[in-house]
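Step one of this worksheet: look at the structure below.
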Amino acid sequence: MTAVHDEVLSFDEAMEKYDPALGFEVHVELNTKTKMFSSAPNGFGDTPNTNITPVDLGLPGVLPVVNRVAVESSIKIGLALGCKIAERSHFARKNYFYPDTPKNFQTSQYDEPIAYDGAIDIELADGTVFTVEIERAHMEEDAGKLTHMGGATGRIQGAEFSLVDYNRAGVPLVEIVTKPILGAGRRAPELAKAYVAAIREIVKNLGVSDARMERGNVRCDANVSLMPKGSTTLGTRTETKNVNSLRSVEHAVTYEIQRHAAVLDSGAAIVQETRHWHEDTRSTTAGRPKSDADDYRYFPEPDLVPVVTNDAWIEKLRSELPEPPAERRKRLQADWGYSDAEFRDVVNAGVMSSVEDTVAAGVSPAVARKWWMGEISRRAKIADVEPAELGVTPELIVELNALIESGKINDKLSREVLDGVLAGEGTPAQVVEARGLAVVSDDGPLLEAIDGALAAQPDVAEKIRGGKVQAVGAIVGGVMKATRGQADAGRVRELILQRLGVEG
Amino acid sequence: MAEINREDVAHLARLAHIDMSSEELDRMAGELAVIVDSIKSVSEVAGDDVPATSHPIPLSNVYRDDVVGETLSNEEALAGAPDNADGRFRVPAILDGE
C-alpha cells in the first residue's frame with residue numbers, strides 16, 4: 001500500500017461548509033441450505049472447491065434452477081423493509097471478466113428487482129429517528145474467493161498469481177440499495193452505522209441470514225457525496241468498498257466526508273471512483289475510476305424463467321414474519337418499566353432475550369435485570385463469551401431467586417450456589433445442602449460468634465454500650481467473617497444490640 | 001445500415017479481455033453487423049403491440065427445493081483447470097477487478 005495520505009479537513013469544519021449525502025448497498029448472504037441456482041451446500045469454512053456442482057463452475061451444458069427458499073427469504077426481506085413486491089421479476093446476466101466468477105457473468109436482477117420502494121426508521125442512540133428510503137432489494141449470487149499469492153502479502157499489487165475457491169460462488173445474496181439519504185448532517189457517520197446495524201438485525205430476526213459480519217454475511221458499500229451548505233444539487237460520489245464492520249462503516253463515512261471536503265475546498269473536483277477502506281490506517285485509497293469497464297451488458301437470463309408472485313403467496317410469507325425488532329424493543333421496555341438508560345444497557349449487553357425468557361419464567365423484570373446485567377455479565381466478561389452462552393437458564397435464576405427471597409441464602413451466597421450449579425453439582429437446593437451454604441438462622445451459633453466478636457473488640461463493645469450504635473458494623477463484620485458470610489446481617493445486628501442491652 | 005461498427009467491437013473485446021488485431025476487428029465488425037441486421041428483421045414483423053420477449057415459452061416460477069444434492073469432489077472440480085495449487089484454481093493475477 002502506498003504511504004501517500006490524502007488531505008482531510010477536520011470533521012467540524014467539513015460540517016460547517018457542506019451537507020453530506022449518503023447511500024448504501026448492503027449485501028446479505030442468505031442462510032439457505034443450498035446455493036441460489038444449484039443444490040451445492042451453502043457452507044462456510046469447508047475444504048476449498050468441495051461445495052460445488054457443475055452449475056457453480058459454469059461448465060458447458062449446465063442449467064441453473066432457482067432455490068424456492070431463497071426467493072421466499074428475499075420476499076421476506078423486502079416485506080420487512082416496507083417494500084412493494086414485484087408481481088413479475090426476472091434474473092439478468094451481469095457480464096464481467098474476472099476469475100471470481102467462472103461463468104464470466106453474475107446472475108443478478110437488473111430492471112425488475114423482486115422488491116422496491118421501501119422505507120425503514122432508523123433510531124439513533126439518543127432516540128432520534130431517521131427514515132431511510134429503500135430503492136430496491138434484488139436477488140443475486142455471491143462470487144468465489146480469491147487469494148493473491150506472491151509479492152506483497154495478500155494484496156493484489158505485486159501478486160504473481162491468485163488461487164480461487166468457488167465454494168462461495170453461487171451463495172444466495174440479497175442486495176439492498178437505499179435512495180440518497182439527505183439531511184443527516186453531522187450525524188451521518190452515526191446514521192451509517194445505525195443503518196447497517198438495523199439491516200443486520202432485521203435479517204437476523206427474520207432468520208434468513210446468519211448476519212455475521214466477520215464472516216461476510218452482511219457487507220456494506222458506502223456512498224458519500226457532499227454539497228455546499230444551501231445547495232440542493234447532489235455532489236459527485238465515491239463508493240467505499242470492503243466496509244465490513246459496524247465500526248468501519250462509521251469511520252469510513254467520517255473519513256470520506258473529511259476527504260471530500262478537503263478536495264472541494266482546494267477547488268478540485270471529486271473523482272467518481274471506488275475507494276478501498278483500510279481498517280489499519282482508518283483511511284481509503286483510490287480504486288479504479290468509473291469507466292467503460294463498468295459496462296456490464298446486462299441482458300435477461302435465458303436459462304431462468306420469471307418469478308411471478310401473487311397476493312396469496314405474499315400474504316402467507318407476511319404472516320410468517322416475526323415482530324419487527326424495533327417494535328419488540330418498545331413493547332418490552334414498556335412491559336418491564338425500565339428507564340431508557342437501563343433498557344439501552346440491557347440491549348447493548350446482548351441480554352434482552354435472556355431477560356425476556358427469565359421474566360417469562362417467573363421473576364420480576366428488576367430481578368431478571370439484576371442477574372443478567374450483574375453476576376452473569378461479570379462472569380461472561382471473564383470467560384470472554386456472550387452472557388447467554390454461560391449455560392445459565394431462566395429456571396435456574398428463578399430457583400436462586402426463590403432461595404434468596406425465602407431467606408435461605410443471601411446475595412453473596414447465591415453466587416457460590418451458582419458456581420456449584422455451573423460446576424455440575426446439581427440443583428441450587430442440592431448445592432446449598434452439599435456445600436453447607438444456607439444462611440445461619442439458628443440463633444445459637446450466631447450468639448456464639450457474636451460473643452467471640454465482642455470479646456475480640458472490647459473497645460468497640462464499650463462504645464456501643466455507651467450509645468454509639470453506628471459502631472455495631474465492626475462487630476457485624478466480625479460475625480459475618482466468623483460464619484463465612486452465612487449469617488443474615490440484619491438478624492446479627494439485632495442480636496448484638498440485644499446482647500449489649502442497647503436500643504436499636 | 002450496420003448497427004455494429006469497429007469501435008463497438010474494440011470496446012467489447014476490451015471488456016472481455018480479448019486481444020484482437022486490427023484485421024480481426026475489421027472482419028468481426030463486418031460479420032457481426034450482418035448478424036445484427038438479420039436479427040433486426042424480427043422487429044419488422046413484430047408491431048408496437050408485441051412487447052420485447054426474453055423467453056419464448058410463457059413459463060414462470062420454476063423452483064427447486066432447498067435440499068443438498070450431489071457435489072463434485074475437489075479432484076473432479078479441478079480436473080479441467082489448466083493449473084491448480086492447494087486444492088484451488090490457480091489463475092494469473094488480474095489487476096483491474098475489485
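Identifiers for the C-alpha cells are assigned positionally: chains receive A, B, ... in sequence, residues are indexed from 1 per chain, and ligands are indexed from 1 in the order shown.
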
Pick out the chain B residues within 9 Å of chain A. Count only C-alpha atoms. Give them as a ChimeraX atom specification. /B:11,14-17,54-55,58-75,77-78,84-98

Quick one: pull the distance between atom CA of A:Pro113 and atom CA of A:Glu175, Å, one decimal. 9.9 Å

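Relative to atom CA of A:Pro180, atom CA of A:Ile134 is found at 9.1 Å.
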
Those of chain B in DSSP alpha helix (DSSP H), formatted as a PyMOL selection string: chain B and resi 6-15+22-45+74-78

Selected residues, C-alpha atoms, written as a PDB file, in the first residue's frame, please.
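And here's part-v7.pdb as it stands now:
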```pdb
ATOM      1  CA  ARG B   6     -15.332  -1.311 -35.459  1.00  0.00           C
ATOM      2  CA  GLU B   7     -15.272   0.780 -32.235  1.00  0.00           C
ATOM      3  CA  ASP B   8     -18.076  -1.308 -30.757  1.00  0.00           C
ATOM      4  CA  VAL B   9     -16.141  -4.486 -31.407  1.00  0.00           C
ATOM      5  CA  ALA B  10     -12.941  -2.999 -29.945  1.00  0.00           C
ATOM      6  CA  HIS B  11     -14.902  -1.966 -26.840  1.00  0.00           C
ATOM      7  CA  LEU B  12     -16.438  -5.432 -26.412  1.00  0.00           C
ATOM      8  CA  ALA B  13     -13.043  -7.048 -26.890  1.00  0.00           C
ATOM      9  CA  ARG B  14     -11.631  -4.828 -24.150  1.00  0.00           C
ATOM     10  CA  LEU B  15     -14.491  -5.753 -21.800  1.00  0.00           C
ATOM     11  CA  SER B  22      -6.701  -4.644 -36.413  1.00  0.00           C
ATOM     12  CA  GLU B  23      -7.624  -7.129 -39.173  1.00  0.00           C
ATOM     13  CA  GLU B  24      -9.712  -9.183 -36.748  1.00  0.00           C
ATOM     14  CA  LEU B  25     -11.576  -6.079 -35.605  1.00  0.00           C
ATOM     15  CA  ASP B  26     -12.413  -5.199 -39.211  1.00  0.00           C
ATOM     16  CA  ARG B  27     -13.548  -8.698 -40.044  1.00  0.00           C
ATOM     17  CA  MET B  28     -15.635  -9.120 -36.858  1.00  0.00           C
ATOM     18  CA  ALA B  29     -17.280  -5.726 -37.285  1.00  0.00           C
ATOM     19  CA  GLY B  30     -18.431  -6.797 -40.717  1.00  0.00           C
ATOM     20  CA  GLU B  31     -19.637 -10.245 -39.651  1.00  0.00           C
ATOM     21  CA  LEU B  32     -21.419  -9.026 -36.529  1.00  0.00           C
ATOM     22  CA  ALA B  33     -23.093  -6.247 -38.467  1.00  0.00           C
ATOM     23  CA  VAL B  34     -24.654  -8.821 -40.772  1.00  0.00           C
ATOM     24  CA  ILE B  35     -25.853 -10.895 -37.817  1.00  0.00           C
ATOM     25  CA  VAL B  36     -27.359  -7.905 -36.023  1.00  0.00           C
ATOM     26  CA  ASP B  37     -29.069  -6.696 -39.157  1.00  0.00           C
ATOM     27  CA  SER B  38     -30.532 -10.152 -39.740  1.00  0.00           C
ATOM     28  CA  ILE B  39     -31.957 -10.316 -36.217  1.00  0.00           C
ATOM     29  CA  LYS B  40     -33.266  -6.803 -36.585  1.00  0.00           C
ATOM     30  CA  SER B  41     -35.601  -8.008 -39.308  1.00  0.00           C
ATOM     31  CA  VAL B  42     -37.696  -9.554 -36.497  1.00  0.00           C
ATOM     32  CA  SER B  43     -38.765  -6.026 -35.469  1.00  0.00           C
ATOM     33  CA  GLU B  44     -40.198  -5.537 -38.902  1.00  0.00           C
ATOM     34  CA  VAL B  45     -42.672  -8.333 -38.228  1.00  0.00           C
ATOM     35  CA  ASN B  74     -12.217 -31.388  -5.077  1.00  0.00           C
ATOM     36  CA  GLU B  75     -10.323 -33.509  -7.620  1.00  0.00           C
ATOM     37  CA  GLU B  76     -13.279 -33.550 -10.011  1.00  0.00           C
ATOM     38  CA  ALA B  77     -13.739 -29.804  -9.639  1.00  0.00           C
ATOM     39  CA  LEU B  78     -10.124 -29.116 -10.529  1.00  0.00           C
TER      40      LEU B  78
END
```

Nearby residues (only C-alpha atoms) at most 9 Å from A:Val472, same-chain spacing under 2 positions excluded, as a PyMOL selection string: chain A and resi 460-461+463-464+468-470+474-477+493+496-497

All residues 6 Å or closer to A:Thr254, only C-alpha atoms, same chain fewer than 3 positions away omitted, as number ranges by chain: A: 189, 251, 257

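The environment of A:Pro387 within 12 Å, counting only C-alpha atoms and disregarding residues fewer than 5 places along the same chain, consists of Val346, Asn348, Ala349, Gly350, Val351, Met352, Ser353, Ser354, Val355, Trp371, Trp372, Met373, Gly374, Glu375, Ile376, Ser377, Arg378, Arg379, Ala380, Lys381, Ile382, Val392 and Thr393 of chain A.
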
Can those selected residues be exported to a file as a compact mmCIF listing (two decimals), in the first residue's frame so that it contains N, CA and C atoms?
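Final output, result_6.txt:
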```
# COMPACT_ATOMS: atom_id res chain seq x y z
N VAL A 346 -29.24 -3.02 28.72
CA VAL A 346 -29.64 -4.43 28.54
C VAL A 346 -29.47 -4.83 27.07
N ASN A 348 -27.53 -3.37 24.77
CA ASN A 348 -26.12 -3.35 24.38
C ASN A 348 -25.35 -4.54 24.95
N ALA A 349 -25.80 -5.05 26.10
CA ALA A 349 -25.13 -6.20 26.69
C ALA A 349 -25.55 -7.50 26.01
N GLY A 350 -26.53 -7.39 25.10
CA GLY A 350 -26.96 -8.58 24.36
C GLY A 350 -27.77 -9.55 25.20
N VAL A 351 -28.45 -9.05 26.23
CA VAL A 351 -29.19 -9.96 27.11
C VAL A 351 -30.70 -9.72 27.09
N MET A 352 -31.18 -8.95 26.08
CA MET A 352 -32.60 -8.64 26.06
C MET A 352 -33.46 -9.91 26.01
N SER A 353 -33.09 -10.83 25.12
CA SER A 353 -33.88 -12.06 25.00
C SER A 353 -33.78 -12.90 26.27
N SER A 354 -32.59 -12.90 26.88
CA SER A 354 -32.41 -13.67 28.12
C SER A 354 -33.29 -13.11 29.22
N VAL A 355 -33.32 -11.77 29.31
CA VAL A 355 -34.17 -11.14 30.32
C VAL A 355 -35.63 -11.49 30.04
N TRP A 371 -29.71 -9.99 37.65
CA TRP A 371 -28.89 -11.18 37.37
C TRP A 371 -28.13 -11.04 36.06
N TRP A 372 -28.83 -10.68 34.99
CA TRP A 372 -28.17 -10.68 33.68
C TRP A 372 -27.17 -9.55 33.53
N MET A 373 -27.48 -8.38 34.11
CA MET A 373 -26.53 -7.27 33.98
C MET A 373 -25.45 -7.35 35.04
N GLY A 374 -25.69 -8.08 36.11
CA GLY A 374 -24.72 -8.17 37.21
C GLY A 374 -23.86 -9.40 37.10
N GLU A 375 -24.19 -10.36 37.94
CA GLU A 375 -23.35 -11.54 38.09
C GLU A 375 -23.07 -12.27 36.76
N ILE A 376 -24.11 -12.44 35.93
CA ILE A 376 -23.91 -13.24 34.71
C ILE A 376 -23.03 -12.49 33.70
N SER A 377 -23.29 -11.18 33.54
CA SER A 377 -22.44 -10.39 32.64
C SER A 377 -20.99 -10.37 33.11
N ARG A 378 -20.84 -10.30 34.45
CA ARG A 378 -19.48 -10.27 35.01
C ARG A 378 -18.73 -11.56 34.65
N ARG A 379 -19.42 -12.68 34.85
CA ARG A 379 -18.79 -13.97 34.53
C ARG A 379 -18.51 -14.11 33.03
N ALA A 380 -19.45 -13.61 32.22
CA ALA A 380 -19.27 -13.71 30.77
C ALA A 380 -18.05 -12.94 30.32
N LYS A 381 -17.86 -11.77 30.94
CA LYS A 381 -16.71 -10.93 30.58
C LYS A 381 -15.42 -11.68 30.89
N ILE A 382 -15.38 -12.30 32.07
CA ILE A 382 -14.17 -13.03 32.47
C ILE A 382 -13.92 -14.20 31.52
N VAL A 392 -26.56 -20.43 31.90
CA VAL A 392 -27.49 -20.06 32.98
C VAL A 392 -28.90 -20.02 32.38
N THR A 393 -29.77 -20.87 32.90
CA THR A 393 -31.14 -20.93 32.35
C THR A 393 -32.06 -20.02 33.17
```

Any idea what the distance is between atom CA of A:Glu239 and atom CA of A:Glu123? 24.2 Å

Please extract the residues of chain B with a backbone DSSP assignment of strand (DSSP E or B) and present them as a ChimeraX atom specification. /B:63-64,84-85,88-92

Could you dump the residues just selected with C-alpha atoms as an mmCIF file, in the first residue's frame?
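And here's again32.cif as it stands now:
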```cif
data_model
loop_
_atom_site.group_PDB
_atom_site.id
_atom_site.type_symbol
_atom_site.label_atom_id
_atom_site.label_comp_id
_atom_site.auth_asym_id
_atom_site.auth_seq_id
_atom_site.Cartn_x
_atom_site.Cartn_y
_atom_site.Cartn_z
ATOM 1 C CA TYR B 63 -38.164 -23.719 -8.486
ATOM 2 C CA ARG B 64 -36.094 -26.299 -6.706
ATOM 3 C CA ASN B 84 -4.155 -25.584 -9.595
ATOM 4 C CA ALA B 85 -2.491 -25.378 -6.190
ATOM 5 C CA ARG B 88 -7.715 -24.263 -5.607
ATOM 6 C CA PHE B 89 -7.744 -22.949 -9.159
ATOM 7 C CA ARG B 90 -4.550 -21.115 -9.960
ATOM 8 C CA VAL B 91 -5.032 -18.068 -12.193
ATOM 9 C CA PRO B 92 -2.864 -15.149 -13.315
#
```

Counting only C-alpha atoms, the residue among A:Arg93, A:Leu30, A:Arg318, A:Ala326 that lies closest to A:Ala211 is A:Leu30

Identify, on the basis of only C-alpha atoms, every residue whose closest approach to A:Arg187 does not exceed 12 Å; exclude the query and any residue fewer than 5 positions from it along the same chain; express the result as a CSV table (one decimal) with all heavy atoms, in the first residue's frame.
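Resulting contents of selection33.csv:
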```
chain,number,residue,atom,x,y,z
A,11,PHE,N,-13.6,17.3,10.8
A,11,PHE,CA,-15.0,16.9,10.6
A,11,PHE,C,-15.8,18.2,10.9
A,11,PHE,O,-16.8,18.5,10.2
A,11,PHE,CB,-15.4,15.8,11.6
A,11,PHE,CG,-16.7,15.3,11.3
A,11,PHE,CD1,-17.0,14.5,10.2
A,11,PHE,CD2,-17.8,15.5,12.2
A,11,PHE,CE1,-18.3,14.1,9.9
A,11,PHE,CE2,-19.0,15.0,12.0
A,11,PHE,CZ,-19.3,14.3,10.8
A,12,ASP,N,-15.5,18.9,12.0
A,12,ASP,CA,-16.3,20.1,12.3
A,12,ASP,C,-16.3,21.1,11.2
A,12,ASP,O,-17.3,21.7,10.8
A,12,ASP,CB,-15.7,20.8,13.6
A,12,ASP,CG,-16.1,20.0,14.8
A,12,ASP,OD1,-17.1,19.2,14.7
A,12,ASP,OD2,-15.5,20.1,15.9
A,15,MET,N,-18.3,20.0,8.3
A,15,MET,CA,-19.8,20.1,8.6
A,15,MET,C,-20.3,21.6,8.5
A,15,MET,O,-21.4,21.9,8.3
A,15,MET,CB,-20.1,19.5,9.9
A,15,MET,CG,-20.1,18.0,9.9
A,15,MET,SD,-21.3,17.4,8.9
A,15,MET,CE,-20.3,16.7,7.5
A,19,ASP,N,-23.0,19.8,3.4
A,19,ASP,CA,-24.0,18.8,3.8
A,19,ASP,C,-23.7,17.5,3.1
A,19,ASP,O,-23.6,17.4,1.9
A,19,ASP,CB,-25.4,19.2,3.4
A,19,ASP,CG,-26.0,20.3,4.3
A,19,ASP,OD1,-25.7,20.3,5.5
A,19,ASP,OD2,-26.7,21.2,3.8
A,20,PRO,N,-23.6,16.4,3.9
A,20,PRO,CA,-23.3,15.1,3.3
A,20,PRO,C,-24.6,14.4,2.8
A,20,PRO,O,-25.7,14.6,3.3
A,20,PRO,CB,-22.7,14.3,4.4
A,20,PRO,CG,-23.4,14.9,5.6
A,20,PRO,CD,-23.7,16.3,5.4
A,21,ALA,N,-24.4,13.6,1.7
A,21,ALA,CA,-25.5,12.7,1.3
A,21,ALA,C,-24.9,11.3,1.3
A,21,ALA,O,-23.7,11.1,0.9
A,21,ALA,CB,-25.9,13.1,-0.2
A,22,LEU,N,-25.7,10.4,1.8
A,22,LEU,CA,-25.2,9.0,1.9
A,22,LEU,C,-26.0,8.1,1.0
A,22,LEU,O,-27.1,8.4,0.6
A,22,LEU,CB,-25.3,8.5,3.4
A,22,LEU,CG,-24.7,9.3,4.5
A,22,LEU,CD1,-25.0,8.7,5.8
A,22,LEU,CD2,-23.2,9.3,4.3
A,123,GLU,N,-33.3,4.3,14.4
A,123,GLU,CA,-33.3,5.0,15.6
A,123,GLU,C,-31.8,5.2,16.1
A,123,GLU,O,-31.1,4.2,16.3
A,123,GLU,CB,-34.1,4.3,16.7
A,123,GLU,CG,-34.4,5.2,17.9
A,123,GLU,CD,-35.3,4.5,18.9
A,123,GLU,OE1,-36.1,3.6,18.5
A,123,GLU,OE2,-35.2,4.8,20.1
A,124,LEU,N,-31.4,6.4,16.3
A,124,LEU,CA,-30.0,6.6,16.9
A,124,LEU,C,-30.0,6.5,18.4
A,124,LEU,O,-31.1,6.4,19.0
A,124,LEU,CB,-29.5,8.0,16.5
A,124,LEU,CG,-29.5,8.3,15.0
A,124,LEU,CD1,-28.9,9.7,14.7
A,124,LEU,CD2,-28.8,7.2,14.2
A,125,ALA,N,-28.8,6.5,19.0
A,125,ALA,CA,-28.7,6.2,20.4
A,125,ALA,C,-29.5,7.1,21.3
A,125,ALA,O,-30.1,6.6,22.3
A,125,ALA,CB,-27.2,6.2,20.8
A,126,ASP,N,-29.7,8.3,20.9
A,126,ASP,CA,-30.4,9.3,21.7
A,126,ASP,C,-31.9,9.3,21.4
A,126,ASP,O,-32.7,10.1,21.9
A,126,ASP,CB,-29.9,10.7,21.6
A,126,ASP,CG,-30.1,11.3,20.2
A,126,ASP,OD1,-30.6,10.5,19.3
A,126,ASP,OD2,-29.9,12.5,20.1
A,128,THR,N,-33.3,9.8,18.4
A,128,THR,CA,-33.7,10.5,17.2
A,128,THR,C,-33.9,9.5,16.1
A,128,THR,O,-33.2,8.5,15.9
A,128,THR,CB,-32.5,11.4,16.7
A,128,THR,OG1,-32.1,12.2,17.8
A,128,THR,CG2,-32.9,12.2,15.5
A,129,VAL,N,-35.0,9.7,15.3
A,129,VAL,CA,-35.4,8.7,14.3
A,129,VAL,C,-35.1,9.3,12.9
A,129,VAL,O,-35.6,10.4,12.6
A,129,VAL,CB,-36.8,8.3,14.4
A,129,VAL,CG1,-37.2,7.4,13.2
A,129,VAL,CG2,-37.0,7.5,15.7
A,130,PHE,N,-34.4,8.6,12.0
A,130,PHE,CA,-34.3,9.0,10.6
A,130,PHE,C,-35.0,8.0,9.8
A,130,PHE,O,-34.9,6.8,10.0
A,130,PHE,CB,-32.8,9.0,10.2
A,130,PHE,CG,-32.0,10.2,10.5
A,130,PHE,CD1,-31.3,10.3,11.7
A,130,PHE,CD2,-32.1,11.3,9.7
A,130,PHE,CE1,-30.6,11.4,12.0
A,130,PHE,CE2,-31.4,12.5,10.0
A,130,PHE,CZ,-30.6,12.5,11.2
A,181,ILE,N,-29.6,9.5,1.0
A,181,ILE,CA,-30.0,9.9,2.3
A,181,ILE,C,-29.5,11.3,2.6
A,181,ILE,O,-28.3,11.5,2.7
A,181,ILE,CB,-29.5,8.9,3.4
A,181,ILE,CG1,-29.9,7.5,3.0
A,181,ILE,CG2,-30.0,9.3,4.8
A,181,ILE,CD1,-29.2,6.4,3.7
A,182,LEU,N,-30.4,12.2,2.7
A,182,LEU,CA,-30.1,13.6,2.9
A,182,LEU,C,-30.5,14.1,4.3
A,182,LEU,O,-31.3,13.5,4.9
A,182,LEU,CB,-30.8,14.5,1.8
A,182,LEU,CG,-30.5,14.1,0.4
A,182,LEU,CD1,-31.5,14.9,-0.5
A,182,LEU,CD2,-29.1,14.4,0.0
A,192,ALA,N,-25.0,6.1,9.5
A,192,ALA,CA,-24.5,5.0,8.6
A,192,ALA,C,-24.3,3.7,9.4
A,192,ALA,O,-24.8,2.6,9.0
A,192,ALA,CB,-23.1,5.4,8.1
A,193,LYS,N,-23.7,3.8,10.6
A,193,LYS,CA,-23.5,2.6,11.5
A,193,LYS,C,-24.9,2.1,11.9
A,193,LYS,O,-25.1,0.9,11.9
A,193,LYS,CB,-22.7,3.1,12.7
A,193,LYS,CG,-22.4,2.0,13.7
A,193,LYS,CD,-21.6,2.6,14.8
A,193,LYS,CE,-21.5,1.5,15.9
A,193,LYS,NZ,-20.8,2.1,17.1
A,194,ALA,N,-25.8,3.0,12.3
A,194,ALA,CA,-27.1,2.5,12.8
A,194,ALA,C,-27.9,1.8,11.7
A,194,ALA,O,-28.6,0.9,11.9
A,194,ALA,CB,-27.9,3.7,13.4
A,195,TYR,N,-27.7,2.4,10.4
A,195,TYR,CA,-28.5,1.8,9.3
A,195,TYR,C,-28.0,0.3,9.1
A,195,TYR,O,-28.8,-0.6,9.0
A,195,TYR,CB,-28.3,2.6,8.0
A,195,TYR,CG,-28.8,1.9,6.8
A,195,TYR,CD1,-30.2,1.8,6.6
A,195,TYR,CD2,-28.0,1.3,5.9
A,195,TYR,CE1,-30.7,1.1,5.5
A,195,TYR,CE2,-28.4,0.6,4.8
A,195,TYR,CZ,-29.8,0.5,4.6
A,195,TYR,OH,-30.3,-0.2,3.5
A,250,GLU,N,-18.9,3.5,10.2
A,250,GLU,CA,-18.9,4.8,10.8
A,250,GLU,C,-17.6,5.6,10.5
A,250,GLU,O,-17.6,6.7,10.1
A,250,GLU,CB,-19.0,4.7,12.4
A,250,GLU,CG,-19.2,6.0,13.1
A,250,GLU,CD,-19.5,5.8,14.6
A,250,GLU,OE1,-19.2,4.7,15.1
A,250,GLU,OE2,-20.1,6.7,15.2
A,253,VAL,N,-17.3,6.5,6.6
A,253,VAL,CA,-18.1,7.7,6.2
A,253,VAL,C,-17.5,9.0,6.7
A,253,VAL,O,-17.4,10.0,6.0
A,253,VAL,CB,-19.6,7.5,6.7
A,253,VAL,CG1,-20.4,8.8,6.6
A,253,VAL,CG2,-20.3,6.4,5.9
A,254,THR,N,-17.0,8.9,8.0
A,254,THR,CA,-16.4,10.1,8.6
A,254,THR,C,-15.2,10.5,7.7
A,254,THR,O,-15.0,11.7,7.3
A,254,THR,CB,-15.9,9.8,10.0
A,254,THR,OG1,-17.0,9.3,10.7
A,254,THR,CG2,-15.3,11.1,10.6
A,257,ILE,N,-16.1,12.0,4.2
A,257,ILE,CA,-16.7,13.3,4.3
A,257,ILE,C,-15.5,14.3,4.5
A,257,ILE,O,-15.4,15.3,3.8
A,257,ILE,CB,-17.6,13.4,5.6
A,257,ILE,CG1,-18.9,12.7,5.3
A,257,ILE,CG2,-17.8,14.9,5.9
A,257,ILE,CD1,-19.9,12.6,6.4
```

Skip A:Tyr18 itself and residues of its chain fewer than 3 positions away, then list as a compact mmCIF listing (two decimals) with N, CA, C and O atoms, in the first residue's frame all residues within 9 Å of it, counting only C-alpha atoms.
```txt
# COMPACT_ATOMS: atom_id res chain seq x y z
N GLU A 13 -15.09 21.36 10.59
CA GLU A 13 -15.00 22.35 9.52
C GLU A 13 -15.78 21.86 8.30
O GLU A 13 -16.49 22.64 7.63
N ALA A 14 -15.65 20.55 8.01
CA ALA A 14 -16.38 20.00 6.87
C ALA A 14 -17.88 20.20 7.06
O ALA A 14 -18.62 20.53 6.12
N MET A 15 -18.34 20.04 8.29
CA MET A 15 -19.77 20.15 8.57
C MET A 15 -20.26 21.59 8.54
O MET A 15 -21.43 21.86 8.30
N GLY A 185 -26.65 15.50 8.23
CA GLY A 185 -25.69 16.46 8.76
C GLY A 185 -24.55 15.77 9.48
O GLY A 185 -24.04 14.75 9.02
N LEU A 226 -20.76 15.23 -1.02
CA LEU A 226 -21.01 16.46 -0.27
C LEU A 226 -21.61 17.50 -1.19
O LEU A 226 -21.30 17.53 -2.38
N MET A 227 -22.47 18.35 -0.63
CA MET A 227 -22.89 19.53 -1.37
C MET A 227 -22.70 20.75 -0.47
O MET A 227 -22.85 20.66 0.75
N PRO A 228 -22.33 21.88 -1.09
CA PRO A 228 -22.13 23.08 -0.28
C PRO A 228 -23.40 23.39 0.49
O PRO A 228 -24.51 23.15 -0.02
N LYS A 229 -23.28 23.90 1.71
CA LYS A 229 -24.45 24.27 2.51
C LYS A 229 -25.40 25.11 1.67
O LYS A 229 -24.97 26.04 0.98
N GLY A 230 -26.64 24.79 1.72
CA GLY A 230 -27.63 25.58 0.99
C GLY A 230 -27.91 25.05 -0.40
O GLY A 230 -28.94 25.35 -0.99
N SER A 231 -27.01 24.22 -0.93
CA SER A 231 -27.23 23.68 -2.27
C SER A 231 -28.18 22.48 -2.20
O SER A 231 -28.28 21.82 -1.17
N ILE A 257 -16.12 11.97 4.22
CA ILE A 257 -16.65 13.33 4.35
C ILE A 257 -15.48 14.31 4.49
O ILE A 257 -15.43 15.35 3.82
N ALA A 261 -14.32 17.07 1.62
CA ALA A 261 -14.33 18.49 1.99
C ALA A 261 -13.00 19.13 1.63
O ALA A 261 -12.95 20.26 1.12
```

Using only C-alpha atoms: which of A:Asp340, A:Asp384, A:Glu7, A:Glu16 has the shortest distance to A:Glu256: A:Glu7
